[in-house]
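For reference, the structure discussed in these notes is given below.
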Amino acid sequence: MPLELRVGTFNLNNLFGRWNFSGALTAIDQGFDEVEANYVFSDPESYRLRLSPDGRLVLPKPVESRRMLAERILRSELDVLAVQEAENLETLQRFNADDLDGHFTHATLVDGNDARFIDVGMLSRYPLGAITSWRHAVHPLDPATPAFGRDCLQAEVLSARRGRRLLTLFVGHLKSHFIPFTVDPEDRPVQEVRDNERRRREAETITRIVTSQTRPNSRFVVCGDFNDPTDSEFLAPLVAGPLGLVDGLAGPEETPGGKPEQPGEEPASARWTHRFRPPGERPRHELFDQIWLSPSLAARQTRSVIDRRRFSLLGDGSDHDLAWVAVEP
């Protein structure tokens with residue numbers, strides 16, 4: 001058994017696949033290693049464009065951005081990584097094979113509810129056991145609508161020989177604060193209230209799910225991009241609720257070489273993974289990407305780290321920083 005198990009979470013910021021269409025190509029094998037071809041979009045029955053909800057073509061993540069993401073992941077030497085904003089399982093597997101050099105041996109992702117095709121998933125160097133998607137879970141106040149805008153993905157991480165369960169991971173990506181610029185300014189406060197309530201219901205639903213799937217002495221992790229700081233009233237049903245969760249990032253280390261802020265605009269502490277500068281204001285540094293441990297697992301925690309962006313304050317391939325914890329398995 002390893003001396004420690006490193007578990008992280010990272011918002012990959014629109015990790016879309018490299019193909020924008022699906023179609024049928026007819027080719028004759030003439031023994032050539034490379035064949036040049038032109039694809040003509042003339043038959044609507046033979047192709048399907050991948051479009052965003054507003055009708056724009058979904059473009060693949062640039063190679064340089066994927067390279068920076070991979071560099072940030074590989075230097076953390078993670079065993080398990082929860083991810084957000086990956087298009088689908090194939091895209092996640094390609095990213096692992098092509099950009100991470102196959103560092104992880106197992107991957108899982110279930111298509112969720114997001115209209116922009118951004119899903120939650122997981123990469124692991126250890127075998128995975130049972131996988132459960134909770135995309136169809138509902139909240140009691142609205143039993144006709146899925147509670148999650150994306151999903152809550154549950155997965156068992158097993159020992160190398162599948163002899164025992166090391167921990168159970170619950171991965172979420174809660175409702176964003178982003179409001180499209182097309183929304184009338186007078187309607188924005190109403191939208192903010194609606195989004196905050198959505199985030200609260202998502203937190204309540206995760207709490208109900210974890211409670212039903214674990215026991216008081218279970219070893220589990222609840223993590224992901226929660227889109228609110230840890231002291232938010234809208235996350236309170238989860239992080240300050242009956243599960244007794246322990247903040248795995250209560251006193252994190254920072255990797256060296258992070259991009260510094262301008263004098264007078266430095267963050268108050270190391271507890272941040274997301275930076276946003278409102279127009280005309282100081283930048284806000286908030287811990288949106290969180291790792292919460294069950295009490296029995298928290299007793300085995302040895303370390304917590306936030307990997308800092310090094311080249312741009314806007315982010316290196318992602319506008320979030322990677323966070324991880326180490327626990328004794």
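Residues in the structure tokens are numbered from 1 in each chain, the chains being A, B, ... in the order shown, and ligands are numbered from 1 in the order shown.
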
Practice task
Please identify all polymer residues within 12 Å of Glu261 of chain A, counting only C-alpha atoms, omitting same-chain residues fewer than 2 positions from it, and present them as an MDAnalysis selection string.
Solution key: chainID A and resid 258:259 263:268 275 277 282:285 309:314

Selection file, C-alpha atoms, as a PDB file, in the first residue's frame:
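And here is the file that came out, out15.pdb:
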```pdb
ATOM      1  CA  GLY A 258       2.678  31.592  -8.404  1.00  0.00           C
ATOM      2  CA  LYS A 259       1.872  34.685 -10.447  1.00  0.00           C
ATOM      3  CA  PRO A 263       0.876  45.591  -4.650  1.00  0.00           C
ATOM      4  CA  GLY A 264      -2.154  46.143  -2.473  1.00  0.00           C
ATOM      5  CA  GLU A 265      -4.230  43.535  -4.328  1.00  0.00           C
ATOM      6  CA  GLU A 266      -2.758  40.402  -2.751  1.00  0.00           C
ATOM      7  CA  PRO A 267      -5.182  37.751  -1.431  1.00  0.00           C
ATOM      8  CA  ALA A 268      -5.812  37.749   2.303  1.00  0.00           C
ATOM      9  CA  ARG A 275      -9.956  34.897  -8.924  1.00  0.00           C
ATOM     10  CA  ARG A 277     -12.088  41.133 -10.768  1.00  0.00           C
ATOM     11  CA  ARG A 282     -10.139  44.892  -6.445  1.00  0.00           C
ATOM     12  CA  PRO A 283      -9.848  41.241  -7.452  1.00  0.00           C
ATOM     13  CA  ARG A 284     -11.765  38.732  -5.358  1.00  0.00           C
ATOM     14  CA  HIS A 285      -9.926  35.582  -4.318  1.00  0.00           C
ATOM     15  CA  ARG A 309      -1.121  29.435 -11.705  1.00  0.00           C
ATOM     16  CA  ARG A 310       2.337  30.567 -12.807  1.00  0.00           C
ATOM     17  CA  PHE A 311       2.026  32.484 -16.050  1.00  0.00           C
ATOM     18  CA  SER A 312      -1.175  34.512 -15.949  1.00  0.00           C
ATOM     19  CA  LEU A 313      -3.491  35.815 -13.262  1.00  0.00           C
ATOM     20  CA  LEU A 314      -6.336  34.856 -15.609  1.00  0.00           C
TER      21      LEU A 314
END
```

Handout entry: Close residues, segment 82-96 of chain A itself excluded, 7 Å, only C-alpha atoms, min 3 positions apart in chain, as JSON, numbers by chain
Key = {"A": [8, 9, 10, 11, 12, 13, 14, 15, 16, 17, 99, 100, 101, 102, 103, 104, 107, 108, 109, 111, 117, 118, 119, 120, 121, 122, 123, 171, 173, 224]}

Exercise for the section: Could you give me the residues within segment 204-278 of chain A that DSSP places in alpha helix (DSSP H), as a PyMOL selection string? Expected result: chain A and resi 204-213+236-239

Exercise for the section: Name all residues at most 7 Å from Ser124 of chain A (count only C-alpha atoms; drop same-chain ones fewer than 6 positions away) and give them as a list of chain:residue names. Expected result: A:Asp79, A:Val80, A:Leu81, A:Phe104, A:Thr105, A:His106, A:Ala107

Exercise for the section: Mind checking which residues fall within 9 Å of Ala326 of chain A, counting only C-alpha atoms, ignoring those fewer than 3 positions away in the same chain, and posting them as a ChimeraX atom specification? Expected result: /A:4-8,300-305

Requested write-out: C-alpha atoms of the selected residues, as an mmCIF file, in the first residue's frame:
```cif
data_model
loop_
_atom_site.group_PDB
_atom_site.id
_atom_site.type_symbol
_atom_site.label_atom_id
_atom_site.label_comp_id
_atom_site.auth_asym_id
_atom_site.auth_seq_id
_atom_site.Cartn_x
_atom_site.Cartn_y
_atom_site.Cartn_z
ATOM 1 C CA GLU A 4 -0.330 8.407 1.087
ATOM 2 C CA LEU A 5 -3.215 8.839 -1.311
ATOM 3 C CA ARG A 6 -3.443 12.173 -3.119
ATOM 4 C CA VAL A 7 -6.946 13.288 -4.047
ATOM 5 C CA GLY A 8 -7.550 16.494 -5.989
ATOM 6 C CA ARG A 300 -5.929 10.406 8.364
ATOM 7 C CA GLN A 301 -5.170 13.630 6.477
ATOM 8 C CA THR A 302 -1.494 14.558 6.261
ATOM 9 C CA ARG A 303 -1.351 17.477 3.838
ATOM 10 C CA SER A 304 -3.279 19.940 1.658
ATOM 11 C CA VAL A 305 -1.959 21.897 -1.334
#
```

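Closest approach to Asp98 of chain A among A:Leu3, A:Ala70, A:Val190, A:Leu169: A:Ala70, based on only C-alpha atoms.
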
Practice task
May I have all residues of segment 142-309 of chain A that DSSP, computed from the backbone, assigns to strand (DSSP E), given as a ChimeraX atom specification?
Solution key: /A:142-146,152-158,165-173,220-225,246-247,253-254,274-276,284-286,289-293,301-307

Exercise for the section: Identify, on the basis of only C-alpha atoms, every residue whose closest approach to Arg308 of chain A does not exceed 7 Å; exclude the query and any residue fewer than 5 positions from it along the same chain; express the result as a count of residues only. Expected result: 4

Segment 208-219 of chain A environment, 8 Å, only C-alpha atoms, sequence neighbours closer than 4 positions dropped, as a PDB file with C-alpha atoms, in the first residue's frame:
```pdb
ATOM      1  CA  LEU A 166     -10.110   3.025   0.005  1.00  0.00           C
ATOM      2  CA  LEU A 167     -12.736   5.755  -0.105  1.00  0.00           C
ATOM      3  CA  THR A 168     -15.869   6.951  -1.866  1.00  0.00           C
ATOM      4  CA  PHE A 170     -18.700  12.483  -4.507  1.00  0.00           C
ATOM      5  CA  GLU A 204     -29.189  19.999   0.231  1.00  0.00           C
ATOM      6  CA  LEU A 243     -22.565  14.996   7.862  1.00  0.00           C
ATOM      7  CA  LEU A 293     -13.591  14.941   4.252  1.00  0.00           C
ATOM      8  CA  SER A 294     -15.656  12.620   6.382  1.00  0.00           C
ATOM      9  CA  PRO A 295     -14.548  12.674  10.047  1.00  0.00           C
ATOM     10  CA  SER A 296     -12.909   9.249   9.830  1.00  0.00           C
ATOM     11  CA  LEU A 297     -10.942  10.232   6.723  1.00  0.00           C
TER      12      LEU A 297
END
```

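Separating atom CA of Val325 of chain A from atom CA of Phe178 of chain A is a distance of 28.2 Å.
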
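If only C-alpha atoms are the atoms counted, then among A:Leu74, A:Leu51, A:Leu141, A:Val246 the closest residue to Ala299 of chain A is A:Val246.
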
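Of note, atom CA of Pro185 of chain A and atom CA of Arg198 of chain A are spaced 20.2 Å apart.
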
Exercise for the section: Write out as number ranges by chain the residues lying within 7 Å of Asp225 of chain A, counting only C-alpha atoms and excluding same-chain residues fewer than 6 positions away. Expected result: A: 11, 172-174, 288-290
